[in-house]
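Pasting target-v9.json here (JSON, C-alpha atoms):
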```
[["chain", "number", "residue", "atom", "x", "y", "z"],
["A", 1, "MET", "CA", -58.65, 140.62, 123.01],
["A", 2, "GLY", "CA", -60.86, 137.63, 122.17],
["A", 3, "PRO", "CA", -61.68, 134.66, 124.35],
["A", 4, "PRO", "CA", -58.68, 132.68, 125.61],
["A", 5, "PRO", "CA", -57.62, 129.97, 123.15],
["A", 6, "HIS", "CA", -58.12, 126.34, 124.12],
["A", 7, "ILE", "CA", -55.06, 124.24, 124.63],
["A", 8, "HIS", "CA", -55.11, 121.32, 122.27],
["A", 9, "GLY", "CA", -53.16, 120.20, 119.27],
["A", 10, "ARG", "CA", -54.34, 120.23, 115.68],
["A", 11, "GLY", "CA", -56.28, 117.09, 114.79],
["A", 12, "LEU", "CA", -56.48, 115.91, 118.39],
["A", 13, "ARG", "CA", -60.26, 115.94, 118.45],
["A", 14, "GLY", "CA", -60.57, 113.82, 115.29],
["A", 15, "LEU", "CA", -57.98, 111.37, 116.58],
["A", 16, "ALA", "CA", -59.78, 111.11, 119.93],
["A", 17, "VAL", "CA", -63.11, 110.41, 118.20],
["A", 18, "ALA", "CA", -61.50, 107.72, 115.99],
["A", 19, "THR", "CA", -59.84, 106.15, 119.05],
["A", 20, "THR", "CA", -63.11, 106.08, 121.00],
["A", 21, "ALA", "CA", -64.92, 104.46, 118.05],
["A", 22, "VAL", "CA", -62.27, 101.78, 117.46],
["A", 23, "VAL", "CA", -61.84, 100.96, 121.18],
["A", 24, "ALA", "CA", -65.64, 100.67, 121.56],
["A", 25, "ALA", "CA", -65.77, 98.39, 118.49],
["A", 26, "ALA", "CA", -62.92, 96.31, 119.91],
["A", 27, "LEU", "CA", -64.71, 95.87, 123.25],
["A", 28, "ALA", "CA", -67.90, 94.86, 121.45],
["A", 29, "LEU", "CA", -65.97, 92.30, 119.38],
["A", 30, "VAL", "CA", -64.16, 90.94, 122.46],
["A", 31, "PHE", "CA", -67.30, 90.30, 124.49],
["A", 32, "PHE", "CA", -69.99, 89.67, 121.83],
["A", 33, "TYR", "CA", -68.20, 88.27, 118.77],
["A", 34, "ALA", "CA", -64.95, 86.45, 119.56],
["A", 35, "PRO", "CA", -65.58, 82.83, 120.56],
["A", 36, "LEU", "CA", -64.45, 81.35, 123.86],
["A", 37, "ASP", "CA", -61.03, 79.76, 123.71],
["A", 38, "SER", "CA", -61.23, 75.98, 123.94],
["A", 39, "ASP", "CA", -58.18, 75.74, 126.26],
["A", 40, "GLN", "CA", -58.48, 78.78, 128.50],
["A", 41, "GLY", "CA", -62.16, 79.64, 128.31],
["A", 42, "PHE", "CA", -63.34, 83.12, 129.31],
["A", 43, "VAL", "CA", -59.97, 84.08, 130.86],
["A", 44, "GLN", "CA", -58.50, 84.30, 127.35],
["A", 45, "LYS", "CA", -60.45, 87.58, 126.88],
["A", 46, "ILE", "CA", -57.58, 89.25, 128.79],
["A", 47, "PHE", "CA", -55.41, 88.48, 125.76],
["A", 48, "TYR", "CA", -57.19, 91.22, 123.75],
["A", 49, "ILE", "CA", -56.08, 93.93, 126.17],
["A", 50, "HIS", "CA", -52.80, 92.53, 127.51],
["A", 51, "VAL", "CA", -51.04, 91.74, 124.22],
["A", 52, "PRO", "CA", -51.93, 95.01, 122.40],
["A", 53, "LEU", "CA", -50.75, 96.98, 125.46],
["A", 54, "ALA", "CA", -47.44, 95.07, 125.47],
["A", 55, "ILE", "CA", -46.90, 95.38, 121.70],
["A", 56, "THR", "CA", -47.74, 99.10, 121.69],
["A", 57, "ALA", "CA", -45.46, 99.75, 124.67],
["A", 58, "LEU", "CA", -42.52, 97.92, 123.05],
["A", 59, "CYS", "CA", -43.07, 99.69, 119.70],
["A", 60, "GLY", "CA", -43.31, 102.99, 121.59],
["A", 61, "PHE", "CA", -39.95, 102.37, 123.24],
["A", 62, "VAL", "CA", -38.40, 101.74, 119.81],
["A", 63, "LEU", "CA", -40.14, 104.87, 118.46],
["A", 64, "GLY", "CA", -38.63, 106.84, 121.36],
["A", 65, "GLY", "CA", -35.19, 105.60, 120.26],
["A", 66, "LEU", "CA", -35.80, 106.61, 116.63],
["A", 67, "LEU", "CA", -36.94, 110.08, 117.68],
["A", 68, "ALA", "CA", -33.86, 110.34, 119.87],
["A", 69, "ILE", "CA", -31.68, 109.59, 116.84],
["A", 70, "ALA", "CA", -33.39, 112.52, 115.06],
["A", 71, "HIS", "CA", -32.58, 114.69, 118.08],
["A", 72, "LEU", "CA", -28.93, 113.66, 118.14],
["A", 73, "ARG", "CA", -28.61, 114.24, 114.39],
["A", 74, "GLY", "CA", -30.35, 117.61, 114.18],
["A", 75, "GLY", "CA", -30.08, 118.92, 117.72],
["A", 76, "HIS", "CA", -33.64, 120.30, 117.71],
["A", 77, "SER", "CA", -35.29, 120.15, 121.12],
["A", 78, "ARG", "CA", -38.66, 119.22, 119.55],
["A", 79, "TRP", "CA", -37.31, 115.73, 118.78],
["A", 80, "ASP", "CA", -36.21, 115.33, 122.39],
["A", 81, "LEU", "CA", -39.69, 116.34, 123.50],
["A", 82, "ARG", "CA", -41.28, 113.79, 121.14],
["A", 83, "SER", "CA", -38.88, 111.06, 122.27],
["A", 84, "TYR", "CA", -39.61, 111.90, 125.93],
["A", 85, "VAL", "CA", -43.39, 111.73, 125.37],
["A", 86, "ALA", "CA", -43.14, 108.44, 123.40],
["A", 87, "ILE", "CA", -41.13, 106.80, 126.19],
["A", 88, "HIS", "CA", -43.26, 108.31, 128.97],
["A", 89, "MET", "CA", -46.45, 106.98, 127.37],
["A", 90, "SER", "CA", -44.89, 103.59, 126.59],
["A", 91, "LEU", "CA", -43.95, 103.18, 130.22],
["A", 92, "ILE", "CA", -47.57, 103.73, 131.28],
["A", 93, "PHE", "CA", -48.76, 101.19, 128.68],
["A", 94, "ALA", "CA", -46.05, 98.75, 129.80],
["A", 95, "VAL", "CA", -47.22, 99.00, 133.42],
["A", 96, "GLY", "CA", -50.75, 98.25, 132.16],
["A", 97, "ALA", "CA", -49.41, 95.23, 130.25],
["A", 98, "LEU", "CA", -47.56, 93.99, 133.35],
["A", 99, "ILE", "CA", -50.61, 94.26, 135.59],
["A", 100, "THR", "CA", -53.05, 92.69, 133.10],
["A", 101, "GLY", "CA", -50.49, 89.96, 132.35],
["A", 102, "SER", "CA", -50.10, 89.23, 136.02],
["A", 103, "ILE", "CA", -53.88, 88.91, 136.41],
["A", 104, "TRP", "CA", -53.97, 86.56, 133.43],
["A", 105, "ALA", "CA", -51.11, 84.49, 134.86],
["A", 106, "LYS", "CA", -52.96, 84.12, 138.17],
["A", 107, "ALA", "CA", -56.16, 83.05, 136.43],
["A", 108, "SER", "CA", -54.44, 80.77, 133.95],
["A", 109, "TRP", "CA", -51.46, 79.34, 135.83],
["A", 110, "GLY", "CA", -52.45, 79.94, 139.44],
["A", 111, "HIS", "CA", -49.45, 82.23, 140.04],
["A", 112, "TRP", "CA", -49.21, 86.03, 139.84],
["A", 113, "TRP", "CA", -45.70, 85.76, 138.45],
["A", 114, "VAL", "CA", -43.57, 82.95, 137.00],
["A", 115, "TRP", "CA", -39.90, 83.91, 137.22],
["A", 116, "SER", "CA", -38.75, 81.05, 134.99],
["A", 117, "ASP", "CA", -40.74, 82.36, 132.02],
["A", 118, "PRO", "CA", -38.35, 84.37, 129.80],
["A", 119, "THR", "CA", -41.11, 86.51, 128.24],
["A", 120, "LEU", "CA", -42.38, 87.79, 131.59],
["A", 121, "THR", "CA", -38.95, 88.35, 133.07],
["A", 122, "SER", "CA", -37.51, 90.03, 129.99],
["A", 123, "PHE", "CA", -40.52, 92.36, 129.75],
["A", 124, "LEU", "CA", -40.01, 93.29, 133.40],
["A", 125, "ILE", "CA", -36.32, 94.00, 132.68],
["A", 126, "VAL", "CA", -37.33, 96.31, 129.81],
["A", 127, "VAL", "CA", -39.81, 98.14, 132.07],
["A", 128, "LEU", "CA", -37.22, 98.50, 134.86],
["A", 129, "LEU", "CA", -34.67, 99.74, 132.32],
["A", 130, "TYR", "CA", -37.05, 102.47, 131.13],
["A", 131, "ALA", "CA", -38.05, 103.26, 134.72],
["A", 132, "THR", "CA", -34.55, 104.77, 135.06],
["A", 133, "TYR", "CA", -35.16, 107.17, 132.15],
["A", 134, "GLN", "CA", -36.99, 109.83, 134.18],
["A", 135, "PRO", "CA", -34.54, 109.76, 137.14],
["A", 136, "LEU", "CA", -31.68, 110.03, 134.63],
["A", 137, "ARG", "CA", -33.21, 113.17, 133.13],
["A", 138, "PHE", "CA", -34.01, 114.60, 136.54],
["A", 139, "SER", "CA", -30.42, 114.10, 137.73],
["A", 140, "ILE", "CA", -29.06, 116.44, 135.02],
["A", 141, "GLU", "CA", -29.79, 120.13, 135.56],
["A", 142, "ASP", "CA", -28.52, 121.62, 132.31],
["A", 143, "PRO", "CA", -31.40, 121.19, 129.77],
["A", 144, "GLU", "CA", -29.14, 120.66, 126.75],
["A", 145, "ARG", "CA", -27.00, 118.05, 128.47],
["A", 146, "GLN", "CA", -30.15, 116.43, 129.86],
["A", 147, "ALA", "CA", -31.62, 116.14, 126.35],
["A", 148, "ARG", "CA", -28.39, 114.75, 124.89],
["A", 149, "TYR", "CA", -27.84, 112.13, 127.58],
["A", 150, "ALA", "CA", -31.51, 111.12, 127.50],
["A", 151, "SER", "CA", -31.32, 110.67, 123.72],
["A", 152, "VAL", "CA", -28.27, 108.44, 124.01],
["A", 153, "PHE", "CA", -30.10, 106.38, 126.63],
["A", 154, "ALA", "CA", -33.22, 106.18, 124.43],
["A", 155, "VAL", "CA", -31.20, 104.98, 121.41],
["A", 156, "VAL", "CA", -29.31, 102.28, 123.36],
["A", 157, "ALA", "CA", -32.40, 101.09, 125.25],
["A", 158, "GLY", "CA", -34.49, 101.25, 122.06],
["A", 159, "ALA", "CA", -32.00, 98.94, 120.31],
["A", 160, "PHE", "CA", -32.15, 96.58, 123.29],
["A", 161, "VAL", "CA", -35.93, 96.10, 122.97],
["A", 162, "PRO", "CA", -36.06, 94.24, 119.60],
["A", 163, "MET", "CA", -32.90, 92.30, 120.45],
["A", 164, "ASN", "CA", -34.46, 91.19, 123.69],
["A", 165, "PHE", "CA", -37.69, 90.26, 121.87],
["A", 166, "ILE", "CA", -35.85, 88.10, 119.31],
["A", 167, "VAL", "CA", -33.76, 86.33, 121.95],
["A", 168, "VAL", "CA", -36.85, 85.51, 123.99],
["A", 169, "ARG", "CA", -38.63, 84.20, 120.87],
["A", 170, "LEU", "CA", -35.69, 81.88, 120.24],
["A", 171, "ALA", "CA", -35.71, 80.62, 123.83],
["A", 172, "GLN", "CA", -36.91, 77.07, 124.27],
["A", 173, "GLY", "CA", -39.18, 75.55, 126.87],
["A", 174, "VAL", "CA", -41.39, 78.57, 127.48],
["A", 175, "VAL", "CA", -44.79, 78.46, 129.12],
["A", 176, "HIS", "CA", -45.93, 81.78, 127.68],
["A", 177, "PRO", "CA", -48.69, 81.26, 125.09],
["A", 178, "ARG", "CA", -47.44, 81.59, 121.49],
["A", 179, "VAL", "CA", -50.49, 82.61, 119.54],
["A", 180, "LEU", "CA", -48.86, 85.15, 117.24],
["A", 181, "THR", "CA", -46.09, 84.11, 114.88],
["A", 182, "LEU", "CA", -44.65, 85.45, 111.65],
["A", 183, "THR", "CA", -46.43, 82.68, 109.74],
["A", 184, "GLY", "CA", -49.85, 83.74, 110.96],
["A", 185, "GLY", "CA", -50.13, 82.03, 114.31],
["A", 186, "HIS", "CA", -52.84, 79.73, 115.60],
["A", 187, "LEU", "CA", -55.67, 82.23, 115.95],
["A", 188, "PRO", "CA", -58.92, 81.45, 114.15],
["A", 189, "GLY", "CA", -60.31, 84.18, 111.87],
["A", 190, "SER", "CA", -62.82, 85.70, 114.30],
["A", 191, "MET", "CA", -60.22, 85.89, 117.08],
["A", 192, "ARG", "CA", -57.65, 87.37, 114.70],
["A", 193, "LEU", "CA", -60.09, 90.07, 113.58],
["A", 194, "THR", "CA", -60.91, 90.92, 117.21],
["A", 195, "PHE", "CA", -57.23, 91.02, 118.10],
["A", 196, "THR", "CA", -56.40, 93.25, 115.08],
["A", 197, "VAL", "CA", -59.15, 95.74, 115.96],
["A", 198, "SER", "CA", -57.99, 95.74, 119.61],
["A", 199, "LEU", "CA", -54.40, 96.36, 118.54],
["A", 200, "ILE", "CA", -55.45, 99.24, 116.26],
["A", 201, "GLY", "CA", -57.57, 100.68, 119.09],
["A", 202, "ILE", "CA", -54.72, 100.57, 121.59],
["A", 203, "ALA", "CA", -52.26, 101.98, 119.04],
["A", 204, "LEU", "CA", -54.69, 104.83, 118.30],
["A", 205, "LEU", "CA", -55.07, 105.43, 122.03],
["A", 206, "TYR", "CA", -51.30, 105.63, 122.32],
["A", 207, "ALA", "CA", -51.15, 108.15, 119.46],
["A", 208, "THR", "CA", -53.97, 110.24, 120.96],
["A", 209, "LEU", "CA", -52.44, 110.34, 124.43],
["A", 210, "CYS", "CA", -49.01, 111.18, 122.97],
["A", 211, "LYS", "CA", -50.57, 114.05, 121.01],
["A", 212, "LEU", "CA", -52.42, 115.27, 124.11],
["A", 213, "GLU", "CA", -49.26, 115.13, 126.22],
["A", 214, "LEU", "CA", -47.22, 116.86, 123.49],
["A", 215, "SER", "CA", -49.81, 119.65, 123.18],
["A", 216, "ALA", "CA", -49.88, 120.17, 126.95],
["A", 217, "LYS", "CA", -46.08, 120.20, 127.19],
["A", 218, "ARG", "CA", -45.72, 122.64, 124.27],
["A", 219, "SER", "CA", -48.34, 124.93, 125.80],
["A", 220, "ARG", "CA", -46.47, 125.01, 129.11],
["A", 221, "ILE", "CA", -43.15, 125.69, 127.39],
["A", 222, "GLN", "CA", -44.69, 128.51, 125.32],
["A", 223, "LEU", "CA", -46.42, 129.96, 128.36],
["A", 224, "ARG", "CA", -43.13, 130.12, 130.25],
["A", 225, "ARG", "CA", -41.38, 131.77, 127.30],
["A", 226, "LEU", "CA", -44.18, 134.32, 126.87],
["A", 227, "ARG", "CA", -44.08, 135.17, 130.54],
["A", 228, "ARG", "CA", -40.34, 135.64, 130.41],
["A", 229, "GLN", "CA", -40.61, 137.90, 127.36],
["A", 230, "LEU", "CA", -43.48, 140.00, 128.64],
["A", 231, "LEU", "CA", -42.87, 140.23, 132.35],
["A", 232, "GLY", "CA", -39.13, 139.66, 132.62],
["A", 233, "GLU", "CA", -37.01, 136.98, 134.24],
["A", 234, "ASP", "CA", -37.93, 138.04, 137.80],
["A", 235, "ALA", "CA", -41.65, 137.48, 137.28],
["A", 236, "VAL", "CA", -41.04, 133.92, 136.12],
["A", 237, "GLY", "CA", -38.47, 133.02, 138.71],
["A", 238, "TYR", "CA", -35.94, 130.26, 138.40],
["A", 239, "ALA", "CA", -37.14, 127.28, 136.41],
["A", 240, "ARG", "CA", -37.87, 124.34, 138.68],
["A", 241, "ARG", "CA", -35.71, 121.35, 137.85],
["A", 242, "SER", "CA", -37.72, 118.93, 135.78],
["A", 243, "ALA", "CA", -37.32, 115.56, 134.08],
["A", 244, "ALA", "CA", -39.44, 116.84, 131.18],
["A", 245, "PRO", "CA", -37.86, 118.89, 128.38],
["A", 246, "SER", "CA", -38.26, 122.63, 129.11],
["C", 1, "MET", "CA", -43.24, 74.14, 132.82],
["C", 2, "SER", "CA", -45.52, 72.04, 130.67],
["C", 3, "LEU", "CA", -46.70, 70.41, 133.90],
["C", 4, "LEU", "CA", -47.82, 73.82, 135.12],
["C", 5, "LEU", "CA", -50.02, 74.30, 132.06],
["C", 6, "ALA", "CA", -51.35, 70.77, 132.25],
["C", 7, "ALA", "CA", -52.26, 71.27, 135.89],
["C", 8, "ALA", "CA", -54.13, 74.49, 135.18],
["C", 9, "PRO", "CA", -57.38, 73.72, 133.36],
["C", 10, "ALA", "CA", -59.69, 76.47, 132.08],
["C", 11, "LEU", "CA", -61.53, 78.28, 134.88],
["C", 12, "PRO", "CA", -65.33, 78.15, 134.82],
["C", 13, "LEU", "CA", -67.10, 81.41, 133.89],
["C", 14, "HIS", "CA", -68.04, 82.41, 137.45],
["C", 15, "LYS", "CA", -64.38, 82.13, 138.51],
["C", 16, "ALA", "CA", -62.85, 83.61, 135.34],
["C", 17, "GLY", "CA", -65.22, 86.59, 135.25],
["C", 18, "PRO", "CA", -63.61, 88.55, 138.12],
["C", 19, "TYR", "CA", -60.14, 88.13, 136.62],
["C", 20, "VAL", "CA", -61.27, 89.38, 133.21],
["C", 21, "ALA", "CA", -63.18, 92.25, 134.85],
["C", 22, "ALA", "CA", -60.10, 93.13, 136.95],
["C", 23, "ALA", "CA", -57.86, 93.28, 133.85],
["C", 24, "TYR", "CA", -60.21, 95.60, 131.97],
["C", 25, "ILE", "CA", -60.87, 97.72, 135.09],
["C", 26, "VAL", "CA", -57.10, 98.18, 135.53],
["C", 27, "PHE", "CA", -56.93, 99.47, 131.96],
["C", 28, "VAL", "CA", -59.86, 101.87, 132.45],
["C", 29, "VAL", "CA", -58.55, 103.11, 135.83],
["C", 30, "LEU", "CA", -55.07, 103.75, 134.38],
["C", 31, "LEU", "CA", -56.65, 105.71, 131.53],
["C", 32, "LEU", "CA", -58.95, 107.71, 133.81],
["C", 33, "VAL", "CA", -56.15, 108.56, 136.27],
["C", 34, "TYR", "CA", -53.97, 109.74, 133.38],
["C", 35, "LEU", "CA", -56.79, 111.81, 131.86],
["C", 36, "ALA", "CA", -57.61, 113.34, 135.26],
["C", 37, "ILE", "CA", -53.97, 114.37, 135.76],
["C", 38, "MET", "CA", -53.86, 115.82, 132.23],
["C", 39, "GLY", "CA", -57.14, 117.65, 132.83],
["C", 40, "LEU", "CA", -55.78, 119.24, 136.01],
["C", 41, "ARG", "CA", -52.55, 120.26, 134.29],
["C", 42, "THR", "CA", -54.37, 121.70, 131.28],
["C", 43, "SER", "CA", -56.78, 123.71, 133.41],
["C", 44, "ARG", "CA", -53.81, 125.08, 135.38],
["C", 45, "THR", "CA", -52.07, 126.10, 132.16],
["C", 46, "GLU", "CA", -55.26, 127.74, 130.85],
["C", 47, "ARG", "CA", -55.63, 129.62, 134.14],
["C", 48, "GLN", "CA", -52.02, 130.84, 133.95],
["C", 49, "LEU", "CA", -52.54, 131.85, 130.32],
["C", 50, "ALA", "CA", -55.67, 133.83, 131.24],
["C", 51, "GLU", "CA", -53.73, 135.55, 134.03],
["C", 52, "LEU", "CA", -50.94, 136.41, 131.62],
["C", 53, "ARG", "CA", -53.42, 137.85, 129.11],
["C", 54, "ARG", "CA", -54.97, 139.94, 131.88],
["C", 55, "GLN", "CA", -51.54, 141.28, 132.92],
["C", 56, "VAL", "CA", -50.67, 142.11, 129.30],
["C", 57, "ALA", "CA", -54.02, 143.92, 128.84],
["C", 58, "GLU", "CA", -53.39, 145.96, 132.01],
["C", 59, "ARG", "CA", -49.91, 146.87, 130.78],
["C", 60, "GLU", "CA", -51.25, 147.95, 127.40],
["C", 61, "ALA", "CA", -54.00, 150.02, 129.03],
["C", 62, "GLY", "CA", -51.41, 151.65, 131.32],
["C", 63, "ALA", "CA", -49.09, 152.43, 128.41],
["C", 64, "GLU", "CA", -51.94, 154.05, 126.43],
["C", 65, "GLY", "CA", -52.86, 156.26, 129.41],
["C", 66, "GLN", "CA", -49.35, 157.68, 129.77],
["C", 67, "PRO", "CA", -48.31, 160.72, 127.63],
["C", 68, "ARG", "CA", -45.84, 159.91, 124.90],
["C", 69, "GLU", "CA", -42.30, 161.20, 125.31],
["C", 70, "GLU", "CA", -41.27, 163.94, 122.92],
["C", 71, "VAL", "CA", -38.62, 162.78, 120.54],
["C", 72, "ALA", "CA", -35.76, 165.25, 120.38],
["C", 73, "ALA", "CA", -35.30, 166.64, 116.90]]
```

Conversion result in C-alpha cells:
Amino acid sequence: MGPPPHIHGRGLRGLAVATTAVVAAALALVFFYAPLDSDQGFVQKIFYIHVPLAITALCGFVLGGLLAIAHLRGGHSRWDLRSYVAIHMSLIFAVGALITGSIWAKASWGHWWVWSDPTLTSFLIVVLLYATYQPLRFSIEDPERQARYASVFAVVAGAFVPMNFIVVRLAQGVVHPRVLTLTGGHLPGSMRLTFTVSLIGIALLYATLCKLELSAKRSRIQLRRLRRQLLGEDAVGYARRSAAPS
Amino acid sequence: MSLLLAAAPALPLHKAGPYVAAAYIVFVVLLLVYLAIMGLRTSRTERQLAELRRQVAEREAGAEGQPREEVAA
C-alpha cells in the first residue's frame, strides 16, 4: 500500500494559482492604478469588492437553479451536489456583499442600511430566501426526497433572482449608484479595467472554492461508502441527518 | 433620496480609510474562516481514510495468515 492519497480535485491547484494571481492583480489595480472617484473619493474603492461579490453571488444562485434543472431531468445525485455547492457558496458571497455594502453605505450615506432603497432591500430578500435552503434540506430525512425538493426550490428561487434584478433596475427614484449599465455605464477606462479584473478574480475565487467544496464532499461520500462496503453497516452506524447531499 | 446623496459629501482620506480597510478585512476574514473550516474537515477526512486503510491492511494480513478452506470436490 502506497502513501495515502491527497484529497483534492483535478485541476484545483492550477485554478487556485490562477485565482491568487488575478486577485493579487486586482488588489494592485484597485489601490495603485484606479483613480480616486471625483464624487465619493477613497470610499469608492469598496465598489471593487462589493459589486463583484454581489454579481458573483447572484449568478451563483442562478447557476444553482440550472444545475437543479439538470438534477430534476436526469435524477443523478451529482447534479444535486453541484447545485447544493453552488448555492452554499453563493450564500457566503452574498453575506460578504451585504456586509461590504453596509460599510459602504455608512461611509457614503451616513447610514448602515437604507430601507427605502430597492436594490439593498431586494438583495436582502434574495439572501433571506436562500437562507431557508439549508433548513429546508435538513428538515427532510429521506435523501432522495431531500434532493428533489431542494432542486424544486433552487429552480423557483433561481428564476426569482433575475426577475427581481430586472424589476429593481426598472424602479425609479433609487439612491443606489448606477455605474454599470447595458450601454457601458459611466466608468472611465482605468476604473472599468480594474472592475473587470476584480470581477474575474472574484468569479475565479467562487469557482475555486466550489471545486474545493465539491472535492471535499465527494471524498466524504466515497469514504462513507467504502467503510460500509469494507466494514459493514454496523461499523459505519446510522448516517447522521445532514443538509448536505449524502 | 437625492437629498441624502447631496448631504453626504466625499469623506476625506483619513476618515474613508478605515471604512475601506474594514470592507476588505471582512472579505479576507470570511475567506480565511471558510478555508480554516475546509482545512479542518479535509484533515479529518484524510485521518479517517488513513484509519480505514490501516483496518483494511490488518484484515488482509489476517486473511493471509489463516489456512484456506478445502473446496469439496

With a cut-off of 7 Å, could you pull out the residues of segment 109-214 of chain A touching segment 48-57 of chain A and give me the nearest pair of atoms for each, distance in Å to one decimal, using only C-alpha atoms, ordered by chain and ascending number, as a tab-separated table?
```
residue	atom	partner	partner_atom	distance
A:Phe195	CA	A:Tyr48	CA	5.7
A:Ser198	CA	A:Tyr48	CA	6.2
A:Leu199	CA	A:Pro52	CA	4.8
A:Ile202	CA	A:Pro52	CA	6.3
A:Ala203	CA	A:Thr56	CA	6.0
```

request  = Find the residues near Phe27 of chain C: any atom within 12 Å, counting all atoms listed in the file, skip ones fewer than 2 places away on the same chain, and give them as a PyMOL selection string.
outcome  = (chain A and resi 23+46+48-50+52-53+92-101+103+202+205) or (chain C and resi 20-25+29-34)

task = Kindly determine which residues of chain A lie within 7 Å of chain C, considering all atoms listed in the file, and give the answer as a PyMOL selection string.
result = chain A and resi 4+39-43+45-46+96+100+103+107-109+175+216+220+223

Residues near Gln146 of chain A, cut-off 10 Å, all atoms listed in the file, skip fewer than 5 positions along chain, as a count of residues only = 12

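Pairwise distance (atom CA of Ala34 of chain A, atom CA of Val22 of chain A) equals 15.7 Å.
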
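Atom CA of Ser90 of chain A to atom CA of Gly60 of chain A spans 5.3 Å [interatomic distance, one decimal].
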
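A straight line drawn from atom CA of Val155 of chain A to atom CA of Leu67 of chain A is 8.5 Å long.
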
query = Got a sec: who's within 10 Å of Ser122 of chain A, counting all atoms listed in the file, leaving out chain neighbours fewer than 6 positions off, as a PyMOL selection string?
reply = chain A and resi 115+128+161+164-165+167-168
